[in-house]
Amino acid sequence: MNMQEKIERIRNKKAFICDMDGVIYHGNRLLDGVKEFIDWLQENERKYLFLTNSSEKSPMELQQKLARLGVSISKEHFYTSALATAIFLQTQKPNGTAYVIGEPGLINALYDVGYSMNEINPDYVVVGEAKAYNLDSVTHAVNLVVGGARLVGTNPDLTGPIEKGIMPATGALIAPIALATGVTPYFVGKPNPLMMRTALKRLGCKREETVIIGDRMDTDILSGIEAEIDSLLVLTGVTSREIINKFAYRPFLVLDGVKNIPEMLEKIELE
Ligand SMILES: [Mg+2]
């Protein structure tokens with residue numbers, strides 16, 4: 001397939017699933033051309049979902065963050081590993097119970113699917129990004145897992161970016177529970193293709209009609225490969241052009257950033 005054919009194939013997509021950090025913003029800085037990209041999606045009647053592996057913020061909080069950066073879109077356009085985890089648990093055990101180490105974004109997502117909180121004999125111990133993380137809650141979680149609760153992590157990320165360096169993310173926070181119990185956690189977020197499948201359902205689109213945009217080979221692009229969704233790698237985040245060849249799989253297309261998308265797709269339309 002030559003470049004022209006690849007671009008044509010992207011132009012025919014009905015839906016865009018877009019990672020957030022490294023794709024539309026860095027921390028609190030909106031990246032170049034993001035407003036124009038979102039305008040293009042809306043003007044051309046494409047469906048879109050901004051998707052993050054973080055389980056900390058609710059769709060409403062993400063909407064407010066983008067509004068502060070000058071982009072106004074409704075909260076239905078946001079999808080998090082907390083929402084995907086809630087859907088996963090609801091399909092596994094409807095109206096179950098959980099002991100949660102995590103933020104309100106995760107707890108609310110679980111309440112929304114009919115789960116209740118239980119510190120005594122929950123079906124699941126669920127771990128996400130947690131500011132109030134402490135030894136007491138880890139010890140409690142360990143004993144619940146020893147007692148038979150199943151161990152679920154919202155996302156496997158070991159670290160997340162903060163202004164000055166990195167901070168431990170869910171994969172690191174759940175590790176002491178996994179080590180102390182000998183139980184391997186199940187992670188719902190990227191690169192688990194389950195996250196993409198539930199996102200497709202949310203969009204009401206088929207995988208063939210959808211494209212994934214991300215900045216990480218080992219999460220965004222890999223989950224695209226495994227869910228058989230065409231992927232666009234952007235170089236505004238953690239991946240440089242040289243690193244791509246180190247992986248056994250390739251994105252469908254590589255772009256400098258989402259800022260290139262409207263121009264790339266419009267050009268074809270004019271020809
Ligand atoms: Mg990213």
# chains A, B, ... in the order shown; residues from 1 in each chain; ligands from 1
call {"tool": "residues_near_ligand", "arguments": {"ligand": "ligand 1", "cutoff": "10 Å", "atoms": "only C-alpha atoms and all ligand atoms", "output": "list of chain:residue names"}}
result
A:Cys18, A:Asp19, A:Met20, A:Asp21, A:Gly22, A:Val23, A:Ile24, A:Tyr25, A:His26, A:Leu51, A:Thr52, A:Asn53, A:Gly160, A:Ile213, A:Gly214, A:Asp215, A:Arg216, A:Met217, A:Thr219, A:Asp220, A:Val234, A:Thr236, A:Gly237, A:Val238, A:Thr239
call {"tool": "write_last_selection", "arguments": {"atoms": "N, CA and C atoms", "output": "compact mmCIF listing (two decimals), in the first residue's frame"}}
result
# COMPACT_ATOMS: atom_id res chain seq x y z
N CYS A 18 -8.17 8.74 20.47
CA CYS A 18 -6.96 9.55 20.60
C CYS A 18 -6.44 9.51 22.03
N ASP A 19 -5.20 9.07 22.19
CA ASP A 19 -4.53 9.14 23.49
C ASP A 19 -4.39 10.62 23.88
N MET A 20 -4.15 10.90 25.15
CA MET A 20 -4.11 12.30 25.58
C MET A 20 -2.69 12.81 25.83
N ASP A 21 -2.03 12.27 26.89
CA ASP A 21 -0.70 12.81 27.23
C ASP A 21 0.30 12.48 26.12
N GLY A 22 0.98 13.50 25.63
CA GLY A 22 1.95 13.30 24.54
C GLY A 22 1.32 13.37 23.16
N VAL A 23 -0.01 13.46 23.11
CA VAL A 23 -0.70 13.53 21.82
C VAL A 23 -1.46 14.86 21.69
N ILE A 24 -2.21 15.23 22.74
CA ILE A 24 -2.89 16.53 22.67
C ILE A 24 -2.34 17.53 23.69
N TYR A 25 -1.75 17.01 24.78
CA TYR A 25 -1.07 17.93 25.70
C TYR A 25 0.14 17.27 26.35
N HIS A 26 1.01 18.14 26.91
CA HIS A 26 2.09 17.72 27.80
C HIS A 26 1.79 18.35 29.13
N LEU A 51 -8.83 9.11 25.05
CA LEU A 51 -8.70 7.94 25.91
C LEU A 51 -7.40 8.01 26.70
N THR A 52 -7.48 7.76 28.01
CA THR A 52 -6.27 7.76 28.82
C THR A 52 -6.19 6.52 29.69
N ASN A 53 -4.98 6.04 29.88
CA ASN A 53 -4.75 4.88 30.73
C ASN A 53 -4.83 5.25 32.21
N GLY A 160 4.13 7.68 35.86
CA GLY A 160 3.41 8.71 35.12
C GLY A 160 4.22 10.00 35.20
N ILE A 213 -4.84 6.96 17.64
CA ILE A 213 -3.69 7.87 17.59
C ILE A 213 -3.00 7.85 18.94
N GLY A 214 -1.69 7.58 18.95
CA GLY A 214 -0.99 7.53 20.23
C GLY A 214 0.48 7.87 20.08
N ASP A 215 1.14 8.06 21.22
CA ASP A 215 2.56 8.42 21.19
C ASP A 215 3.45 7.30 21.72
N ARG A 216 2.85 6.19 22.17
CA ARG A 216 3.68 5.10 22.72
C ARG A 216 3.53 3.83 21.89
N MET A 217 4.65 3.24 21.52
CA MET A 217 4.63 1.97 20.78
C MET A 217 4.09 0.84 21.66
N THR A 219 2.10 0.73 24.25
CA THR A 219 0.72 0.74 24.76
C THR A 219 -0.25 1.06 23.63
N ASP A 220 -0.18 2.30 23.11
CA ASP A 220 -1.15 2.76 22.10
C ASP A 220 -1.09 1.90 20.83
N VAL A 234 2.24 9.39 16.70
CA VAL A 234 2.69 10.78 16.62
C VAL A 234 3.98 10.93 17.43
N THR A 236 5.08 13.58 19.06
CA THR A 236 5.05 14.68 20.02
C THR A 236 5.23 14.18 21.46
N GLY A 237 5.27 12.86 21.67
CA GLY A 237 5.36 12.32 23.03
C GLY A 237 6.66 11.60 23.28
N VAL A 238 6.56 10.35 23.77
CA VAL A 238 7.76 9.65 24.25
C VAL A 238 8.55 8.93 23.16
N THR A 239 7.98 8.76 21.97
CA THR A 239 8.65 7.94 20.94
C THR A 239 9.34 8.82 19.90
call {"tool": "residues_around", "arguments": {"residues": "region 259-266 of chain A", "least_positions_apart": "3", "cutoff": "9 Å", "atoms": "only C-alpha atoms", "output": "PyMOL selection string"}}
result
chain A and resi 7-8+10-11+31-37+40-41+255-256+269-271
call {"tool": "atom_distance", "arguments": {"atom1": "CA of Ile177 (chain A)", "atom2": "CA of Ser223 (chain A)"}}
result
25.9 Å
call {"tool": "select_by_dssp", "arguments": {"residues": "region 187-237 of chain A", "states": "strand (DSSP E or B)", "output": "number ranges by chain"}}
result
A: 187, 210-214, 230-234
call {"tool": "write_last_selection", "arguments": {"atoms": "N, CA and C atoms", "output": "CSV table (one decimal), in the first residue's frame"}}
result
chain,number,residue,atom,x,y,z
A,187,PHE,N,-4.7,-6.6,34.5
A,187,PHE,CA,-4.8,-5.1,34.2
A,187,PHE,C,-5.7,-4.9,33.0
A,210,THR,N,-12.3,2.6,12.4
A,210,THR,CA,-11.7,3.4,13.5
A,210,THR,C,-10.2,3.5,13.3
A,211,VAL,N,-9.6,4.6,13.8
A,211,VAL,CA,-8.2,4.7,13.9
A,211,VAL,C,-7.8,5.1,15.3
A,212,ILE,N,-6.6,4.6,15.7
A,212,ILE,CA,-6.1,5.0,17.1
A,212,ILE,C,-4.9,5.9,16.9
A,213,ILE,N,-4.8,7.0,17.6
A,213,ILE,CA,-3.7,7.9,17.6
A,213,ILE,C,-3.0,7.8,18.9
A,214,GLY,N,-1.7,7.6,18.9
A,214,GLY,CA,-1.0,7.5,20.2
A,214,GLY,C,0.5,7.9,20.1
A,230,ASP,N,-6.3,0.2,12.9
A,230,ASP,CA,-5.2,1.0,12.3
A,230,ASP,C,-4.7,2.0,13.3
A,231,SER,N,-3.4,2.2,13.3
A,231,SER,CA,-2.8,3.1,14.3
A,231,SER,C,-2.0,4.2,13.7
A,232,LEU,N,-2.1,5.4,14.2
A,232,LEU,CA,-1.2,6.5,13.8
A,232,LEU,C,-0.3,6.8,15.0
A,233,LEU,N,1.0,6.7,14.8
A,233,LEU,CA,2.0,7.1,15.8
A,233,LEU,C,2.4,8.6,15.6
A,234,VAL,N,2.2,9.4,16.7
A,234,VAL,CA,2.7,10.8,16.6
A,234,VAL,C,4.0,10.9,17.4
call {"tool": "closest_residue", "arguments": {"among": "A:Leu110, A:Leu151, A:Leu158, A:Leu83", "to": "Ala172 (chain A)", "atoms": "only C-alpha atoms"}}
result
A:Leu158
call {"tool": "residues_around", "arguments": {"residues": "Tyr99 (chain A)", "least_positions_apart": "6", "cutoff": "6 Å", "atoms": "only C-alpha atoms", "output": "list in words"}}
result
Met117, Asn118, Glu119 and Val125 of chain A
call {"tool": "write_last_selection", "arguments": {"atoms": "N, CA and C atoms", "output": "PDB file, in the first residue's frame"}}
result
ATOM      1  N   MET A 117     -18.987  -0.545  47.521  1.00  0.00           N
ATOM      2  CA  MET A 117     -17.702  -0.643  48.216  1.00  0.00           C
ATOM      3  C   MET A 117     -17.851  -1.593  49.407  1.00  0.00           C
ATOM      4  N   ASN A 118     -16.822  -2.400  49.631  1.00  0.00           N
ATOM      5  CA  ASN A 118     -16.883  -3.407  50.695  1.00  0.00           C
ATOM      6  C   ASN A 118     -15.466  -3.617  51.226  1.00  0.00           C
ATOM      7  N   GLU A 119     -15.281  -3.382  52.518  1.00  0.00           N
ATOM      8  CA  GLU A 119     -13.942  -3.536  53.112  1.00  0.00           C
ATOM      9  C   GLU A 119     -13.786  -4.870  53.833  1.00  0.00           C
ATOM     10  N   VAL A 125     -10.312  -6.649  44.778  1.00  0.00           N
ATOM     11  CA  VAL A 125      -9.491  -5.509  45.202  1.00  0.00           C
ATOM     12  C   VAL A 125      -9.085  -4.809  43.911  1.00  0.00           C
TER      13      VAL A 125
END
call {"tool": "atom_distance", "arguments": {"atom1": "CA of Ser54 (chain A)", "atom2": "CA of Ser81 (chain A)"}}
result
6.0 Å
call {"tool": "select_by_dssp", "arguments": {"residues": "region 52-210 of chain A", "states": "helix (DSSP H, G or I)", "output": "JSON, numbers by chain"}}
result
{"A": [59, 60, 61, 62, 63, 64, 65, 66, 67, 68, 75, 76, 77, 81, 82, 83, 84, 85, 86, 87, 88, 89, 90, 91, 92, 104, 105, 106, 107, 108, 109, 110, 111, 112, 135, 136, 137, 138, 139, 140, 141, 142, 143, 144, 145, 146, 170, 171, 172, 173, 174, 175, 176, 177, 178, 179, 180, 181, 193, 194, 195, 196, 197, 198, 199, 200, 201, 202, 203, 207, 208, 209]}
call {"tool": "closest_residue", "arguments": {"among": "A:Glu228, A:Glu242, A:Asp112, A:Glu103", "to": "Tyr133 (chain A)", "atoms": "only C-alpha atoms"}}
result
A:Glu103
call {"tool": "atom_distance", "arguments": {"atom1": "CA of Val145 (chain A)", "atom2": "CA of Asn95 (chain A)"}}
result
19.2 Å
call {"tool": "residues_around", "arguments": {"residues": "Ala141 (chain A)", "least_positions_apart": "2", "cutoff": "12 Å", "atoms": "only C-alpha atoms", "output": "ChimeraX atom specification"}}
result
/A:98-101,118-127,133-139,143-152,173-178,180-181,183
call {"tool": "write_last_selection", "arguments": {"atoms": "N, CA and C atoms", "output": "tab-separated table (two decimals), in the first residue's frame"}}
result
chain	number	residue	atom	x	y	z
A	98	ALA	N	-16.31	-4.20	45.76
A	98	ALA	CA	-14.87	-3.97	45.60
A	98	ALA	C	-14.30	-3.19	46.78
A	99	TYR	N	-13.03	-3.50	47.08
A	99	TYR	CA	-12.24	-2.64	47.95
A	99	TYR	C	-11.30	-1.90	47.01
A	100	VAL	N	-11.35	-0.58	47.06
A	100	VAL	CA	-10.63	0.22	46.06
A	100	VAL	C	-9.51	1.03	46.69
A	101	ILE	N	-8.31	0.92	46.10
A	101	ILE	CA	-7.25	1.89	46.39
A	101	ILE	C	-7.17	2.75	45.14
A	118	ASN	N	-16.82	-2.40	49.63
A	118	ASN	CA	-16.88	-3.41	50.69
A	118	ASN	C	-15.47	-3.62	51.23
A	119	GLU	N	-15.28	-3.38	52.52
A	119	GLU	CA	-13.94	-3.54	53.11
A	119	GLU	C	-13.79	-4.87	53.83
A	120	ILE	N	-14.87	-5.65	53.91
A	120	ILE	CA	-14.86	-6.88	54.72
A	120	ILE	C	-14.59	-8.12	53.86
A	121	ASN	N	-15.45	-8.35	52.85
A	121	ASN	CA	-15.27	-9.53	52.00
A	121	ASN	C	-15.63	-9.22	50.54
A	122	PRO	N	-14.88	-8.29	49.91
A	122	PRO	CA	-15.22	-7.87	48.55
A	122	PRO	C	-14.90	-8.96	47.52
A	123	ASP	N	-15.59	-8.87	46.35
A	123	ASP	CA	-15.26	-9.76	45.24
A	123	ASP	C	-13.89	-9.40	44.65
A	124	TYR	N	-13.60	-8.10	44.64
A	124	TYR	CA	-12.37	-7.63	44.00
A	124	TYR	C	-11.64	-6.62	44.87
A	125	VAL	N	-10.31	-6.65	44.78
A	125	VAL	CA	-9.49	-5.51	45.20
A	125	VAL	C	-9.09	-4.81	43.91
A	126	VAL	N	-9.44	-3.53	43.80
A	126	VAL	CA	-9.16	-2.78	42.58
A	126	VAL	C	-8.18	-1.65	42.91
A	127	VAL	N	-7.07	-1.59	42.15
A	127	VAL	CA	-6.06	-0.58	42.42
A	127	VAL	C	-5.89	0.32	41.19
A	133	TYR	N	-2.38	6.85	49.00
A	133	TYR	CA	-1.81	5.50	49.09
A	133	TYR	C	-1.02	5.38	50.39
A	134	ASN	N	-1.27	4.32	51.16
A	134	ASN	CA	-0.49	4.15	52.40
A	134	ASN	C	-0.38	2.68	52.80
A	135	LEU	N	0.48	2.40	53.77
A	135	LEU	CA	0.76	1.01	54.16
A	135	LEU	C	-0.47	0.32	54.74
A	136	ASP	N	-1.32	1.07	55.46
A	136	ASP	CA	-2.52	0.47	56.04
A	136	ASP	C	-3.44	-0.09	54.96
A	137	SER	N	-3.67	0.71	53.90
A	137	SER	CA	-4.58	0.24	52.85
A	137	SER	C	-3.96	-0.91	52.07
A	138	VAL	N	-2.63	-0.87	51.88
A	138	VAL	CA	-1.95	-1.98	51.19
A	138	VAL	C	-2.06	-3.26	52.03
A	139	THR	N	-1.83	-3.14	53.32
A	139	THR	CA	-1.93	-4.30	54.22
A	139	THR	C	-3.34	-4.86	54.20
A	143	ASN	N	-4.56	-8.69	52.75
A	143	ASN	CA	-5.32	-9.69	53.50
A	143	ASN	C	-6.65	-10.04	52.83
A	144	LEU	N	-7.23	-9.08	52.12
A	144	LEU	CA	-8.45	-9.37	51.36
A	144	LEU	C	-8.14	-10.33	50.21
A	145	VAL	N	-6.99	-10.11	49.54
A	145	VAL	CA	-6.60	-10.99	48.43
A	145	VAL	C	-6.27	-12.39	48.97
A	146	VAL	N	-5.57	-12.44	50.10
A	146	VAL	CA	-5.29	-13.74	50.74
A	146	VAL	C	-6.61	-14.45	51.07
A	147	GLY	N	-7.61	-13.66	51.44
A	147	GLY	CA	-8.92	-14.21	51.78
A	147	GLY	C	-9.79	-14.57	50.58
A	148	GLY	N	-9.29	-14.29	49.36
A	148	GLY	CA	-10.02	-14.76	48.18
A	148	GLY	C	-10.48	-13.67	47.22
A	149	ALA	N	-10.29	-12.39	47.56
A	149	ALA	CA	-10.68	-11.34	46.61
A	149	ALA	C	-9.75	-11.38	45.40
A	150	ARG	N	-10.30	-11.09	44.23
A	150	ARG	CA	-9.49	-11.09	43.00
A	150	ARG	C	-8.82	-9.72	42.84
A	151	LEU	N	-7.60	-9.76	42.28
A	151	LEU	CA	-6.79	-8.53	42.22
A	151	LEU	C	-6.79	-7.94	40.81
A	152	VAL	N	-7.28	-6.70	40.69
A	152	VAL	CA	-7.39	-6.04	39.39
A	152	VAL	C	-6.71	-4.67	39.45
A	173	LEU	N	2.17	0.75	42.12
A	173	LEU	CA	1.42	0.79	43.37
A	173	LEU	C	0.82	-0.57	43.73
A	174	ILE	N	0.50	-1.37	42.73
A	174	ILE	CA	-0.12	-2.68	42.97
A	174	ILE	C	0.95	-3.74	43.26
A	175	ALA	N	2.22	-3.44	42.89
A	175	ALA	CA	3.30	-4.44	43.01
A	175	ALA	C	3.46	-5.00	44.42
A	176	PRO	N	3.41	-4.17	45.49
A	176	PRO	CA	3.57	-4.75	46.83
A	176	PRO	C	2.47	-5.76	47.17
A	177	ILE	N	1.25	-5.52	46.69
A	177	ILE	CA	0.14	-6.45	46.96
A	177	ILE	C	0.38	-7.76	46.21
A	178	ALA	N	0.84	-7.62	44.96
A	178	ALA	CA	1.12	-8.81	44.15
A	178	ALA	C	2.27	-9.62	44.76
A	180	ALA	N	3.39	-9.62	47.95
A	180	ALA	CA	3.09	-10.18	49.27
A	180	ALA	C	2.12	-11.36	49.19
A	181	THR	N	1.26	-11.36	48.17
A	181	THR	CA	0.26	-12.43	48.07
A	181	THR	C	0.65	-13.52	47.09
A	183	VAL	N	-0.09	-13.27	44.04
A	183	VAL	CA	-1.17	-13.23	43.06
A	183	VAL	C	-0.82	-12.26	41.94
call {"tool": "closest_residue", "arguments": {"among": "A:Ala67, A:Asp218, A:Leu89, A:Gly165", "to": "Phe247 (chain A)", "atoms": "only C-alpha atoms"}}
result
A:Asp218
call {"tool": "closest_residue", "arguments": {"among": "A:Lys13, A:Lys190, A:Arg46, A:Lys267", "to": "Ala82 (chain A)", "atoms": "only C-alpha atoms"}}
result
A:Lys190
call {"tool": "closest_residue", "arguments": {"among": "A:Met167, A:Leu179, A:Arg68, A:Ala15", "to": "Lys206 (chain A)", "atoms": "only C-alpha atoms"}}
result
A:Ala15
call {"tool": "closest_residue", "arguments": {"among": "A:Lys47, A:Arg241, A:Lys65, A:Arg207", "to": "Lys14 (chain A)", "atoms": "only C-alpha atoms"}}
result
A:Lys47
